[in-house]
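Only one structure is covered here, and it is reproduced in the block below.
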Amino acid sequence: MAPVSIRSVLISESVDPRCRAILEENGIRVTEKQNMKKDELIAEIRNYDGLVVRSATKVTADVINAADNLKIIGRAGTGVDNVDVDAATKKGIIVMNTPSGNTISAAELTCALVMSLSRHVPQAAMSMKQGSWDRKKFMGAELYGKVLGIVGLGRIGKEVASRMQSFGMRTIGYDPITPPEVSASWGVEQMSLEQLWPLCDYITVHTPLMPSTVGLLNDESFAKCKKGVKVVNCARGGIIDEAALLRALQTGQCGGAGLDVFVEEPPSDRSLVEHPSVISCPHLGASTREAQARCGEDIALQIVDMVNGTRLVGAVNAQVLASTFAPESQQLIKLGEAVGAVLQSCTTAGKPFSHAVITTQGDCMKSSTGYITSSVLVGLLNHKPGCCPNLINVLSLAKECGITVNQSHSASASTSSGVCKVEIMSNGCSYKATGSVQGGVPVLLELGESMFRQPVSLIGNLLFFKASANPQLLSSVAGCLASEGVEIESFSAPADRTGDLWYCVGISSLLRDLGALKPLVKEAAQLAI
């Protein structure tokens, strides 16, 4: 991946000092401004290439749209609920988090809440402070032999499982992504939610907050649980329906809850906080010295790695970039953009296209199809008014433009370096181009029905024209160019000599007016690569 230029970063919340130190050690100017209101952030963000936040700063669409130079939003922690990822993606801004920075801290707090629920530790401690000595009131239960249901088997869910197994708990779980054989290797039996609810003595949730997880534990799911089930949420407020939880606590269907997160923070409705069977914390999952140091250091190192073109870690909206760090990827990205730009110039100027098919061939391109597809679309859309495509936003921009994109890969290839074939459909007509990388340089092999005898180097100023073959064609074009003060630097002709075919001329500078060529050719287009 080409290095991303990040010269200045705004840190809008308190993060570990190592974050600033690492960024500044790598030549990035850092400004720290905390507790900004929305309008203040909108006014300030215009001046920065990067933004580092924790969970309090709300990076809304208004903030993102005001950020003319912003290239990256770094969340020092897990989850990006406070960032409008869709708005960032549309603007081509990378959003990244630190996926493992607070894993241990969040897992340990979860375990602490499970243990506290089993033995009423906070309530007993408060009773002692109030001068009481009531042993019978705080009769608890052992965790040994009990069933813990873990909903969400990512990093934190895995760490919770390993710790609670040490107490002799049976761990079962649900996750739509983690394969059952993987979770089984660390002692968690996977099953459907319908199977899981009735088996659990304790349930803990570790999923992101998204439409499919909002209210995951609700009136219906509580009704399917054992009477007296205890629940823990150290993930995101809203995964457990708070109103449903309160009703379950009031009826005894739920025997207790450990809550570190709420839909509204701090909660204005304190019904749950004040319920005697609820142990609540003010969102302390990542509030350890170790987690804060790790998250601050991780986000800085991730930004530096991305700037240096070393690797991309934690990007939540730019997965296509993850495989662009191999040395050869830069030439393939240039190839895709150039082939797209040639097709845009030669066949779709002024014409909208509705469908694009990108096919890569050859083993060397097997892992490159995704980012080559995106780079071709960048080339195709780069000259669209009001459109600023890059590898991050181009798929969503294509969708907005009503363009259907298909990508595929096949093992066969006509060259050892592999080829990229592009076909676009516009107004019922099909336009094609084929390119490759030869000697480290992107080249065009075919355009339309024209297969070039000498591959066209996709670099510099290029003039494409369509004409019928005749002995005077090149000299006539050369004379026309000379009269405009333009020199020919290279020439590529089609192997076939019949019909109207595409030719390419490398030129010293672009023509001021392509109209000068009209008497000589059927079509003409020029571009600088």
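Naming works like this for the structure tokens: A, B, ... for the chains as they're shown, residue 1 at the start of each chain, ligands 1 onward in shown order.
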
Exercise for the section: Find the residues around stretch 370-377 of chain A up to 9 Å (only C-alpha atoms counted), leave out those fewer than 6 positions away in its own chain, and share them as a PyMOL selection string. Expected result: chain A and resi 320-321+323-324+329+332-341+356-360+389-395+398+405-408+420+422

Keeping C-alpha atoms, export the residues of the selection given above as a compact mmCIF listing (two decimals), in the first residue's frame.
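Output file part27.txt is given in full below:
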```txt
# COMPACT_ATOMS: atom_id res chain seq x y z
CA VAL A 320 -9.57 -4.12 1.01
CA LEU A 321 -6.33 -2.41 2.06
CA SER A 323 -3.62 -7.16 1.39
CA THR A 324 -1.99 -4.13 -0.27
CA SER A 329 0.70 -4.53 -4.75
CA LEU A 332 -1.13 -3.72 -9.39
CA ILE A 333 -3.04 -0.80 -7.88
CA LYS A 334 -1.50 1.52 -10.48
CA LEU A 335 -2.43 -0.99 -13.18
CA GLY A 336 -6.06 -1.10 -12.09
CA GLU A 337 -6.39 2.67 -11.86
CA ALA A 338 -4.70 3.15 -15.24
CA VAL A 339 -6.85 0.57 -17.06
CA GLY A 340 -9.95 2.15 -15.53
CA ALA A 341 -8.80 5.63 -16.55
CA ALA A 356 -18.42 -3.33 -14.52
CA VAL A 357 -16.86 -6.79 -14.65
CA ILE A 358 -13.28 -7.17 -13.43
CA THR A 359 -11.51 -10.48 -13.91
CA THR A 360 -8.00 -11.30 -12.75
CA PRO A 389 -12.88 8.02 -5.09
CA ASN A 390 -10.21 6.03 -3.31
CA LEU A 391 -9.81 2.38 -2.38
CA ILE A 392 -11.85 2.89 0.80
CA ASN A 393 -14.96 4.56 -0.57
CA VAL A 394 -15.10 3.55 -4.21
CA LEU A 395 -17.39 0.51 -3.79
CA ALA A 398 -20.22 2.87 -7.31
CA VAL A 405 -19.77 -4.57 -9.93
CA ASN A 406 -18.75 -8.19 -10.47
CA GLN A 407 -15.30 -9.54 -9.72
CA SER A 408 -13.80 -12.96 -10.31
CA CYS A 420 -6.49 -7.90 -15.41
CA VAL A 422 -12.11 -5.13 -17.47
```

Problem - Test item, alpha helix (DSSP H) assignment across stretch 115-173 of chain A, answer as a count of residues only - result: 25

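Using only C-alpha atoms for every distance, the candidate list A:Leu70, A:Cys281, A:Leu41, A:Leu148 yields A:Leu70 as the residue closest to A:Ser8.
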
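Proximity to A:Val505 was assessed for A:Ala528, A:Cys111, A:Val313, A:Ile6 counting only C-alpha atoms; the smallest distance is recorded for A:Ala528.
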
Practice task
Report the distance between atom CA of A:Gly215 and atom CA of A:Leu284 in Å, rounded to one decimal place.
Solution key: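 Taking atom CA of A:Gly215 and atom CA of A:Leu284, their separation equals 21.6 Å.
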
Practice task
Find, counting only C-alpha atoms, the residue in A:Glu181, A:Glu220, A:Asp84, A:Glu142 that gets nearest to A:Ile240.
Solution key: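 Under the stated criterion, the closest residue is A:Glu220.
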
Per residue of stretch 217-237 of chain A within 10 Å of stretch 258-261 of chain A, note the shortest atom pair and the distance in Å to one decimal, counting only C-alpha atoms, and order the rows by chain and increasing residue number, as a tab-separated table.
```
residue	atom	partner	partner_atom	distance
A:Lys230	CA	A:Gly258	CA	8.1
A:Val231	CA	A:Gly258	CA	6.3
A:Val232	CA	A:Gly258	CA	4.5
A:Asn233	CA	A:Leu259	CA	5.1
A:Cys234	CA	A:Asp260	CA	5.0
A:Ala235	CA	A:Val261	CA	6.8
A:Arg236	CA	A:Val261	CA	5.7
A:Gly237	CA	A:Val261	CA	4.8
```

Write a file of the just-selected residues containing N, CA and C atoms, as a tab-separated table (two decimals), in the first residue's frame.
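What landed in part06.tsv:
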```tsv
chain	number	residue	atom	x	y	z
A	230	LYS	N	-28.75	-15.08	35.95
A	230	LYS	CA	-28.03	-13.84	36.20
A	230	LYS	C	-27.31	-13.42	34.91
A	231	VAL	N	-27.31	-12.11	34.62
A	231	VAL	CA	-26.76	-11.62	33.36
A	231	VAL	C	-25.71	-10.55	33.60
A	232	VAL	N	-24.75	-10.48	32.67
A	232	VAL	CA	-23.67	-9.50	32.76
A	232	VAL	C	-23.52	-8.83	31.39
A	233	ASN	N	-23.36	-7.52	31.39
A	233	ASN	CA	-23.08	-6.79	30.15
A	233	ASN	C	-21.93	-5.82	30.37
A	234	CYS	N	-20.76	-6.19	29.85
A	234	CYS	CA	-19.61	-5.30	29.83
A	234	CYS	C	-19.25	-4.91	28.41
A	235	ALA	N	-20.21	-5.09	27.49
A	235	ALA	CA	-19.94	-4.84	26.07
A	235	ALA	C	-20.47	-3.48	25.64
A	236	ARG	N	-21.76	-3.41	25.31
A	236	ARG	CA	-22.37	-2.16	24.86
A	236	ARG	C	-23.78	-2.06	25.42
A	237	GLY	N	-24.15	-0.87	25.89
A	237	GLY	CA	-25.50	-0.64	26.35
A	237	GLY	C	-26.49	-0.83	25.22
```
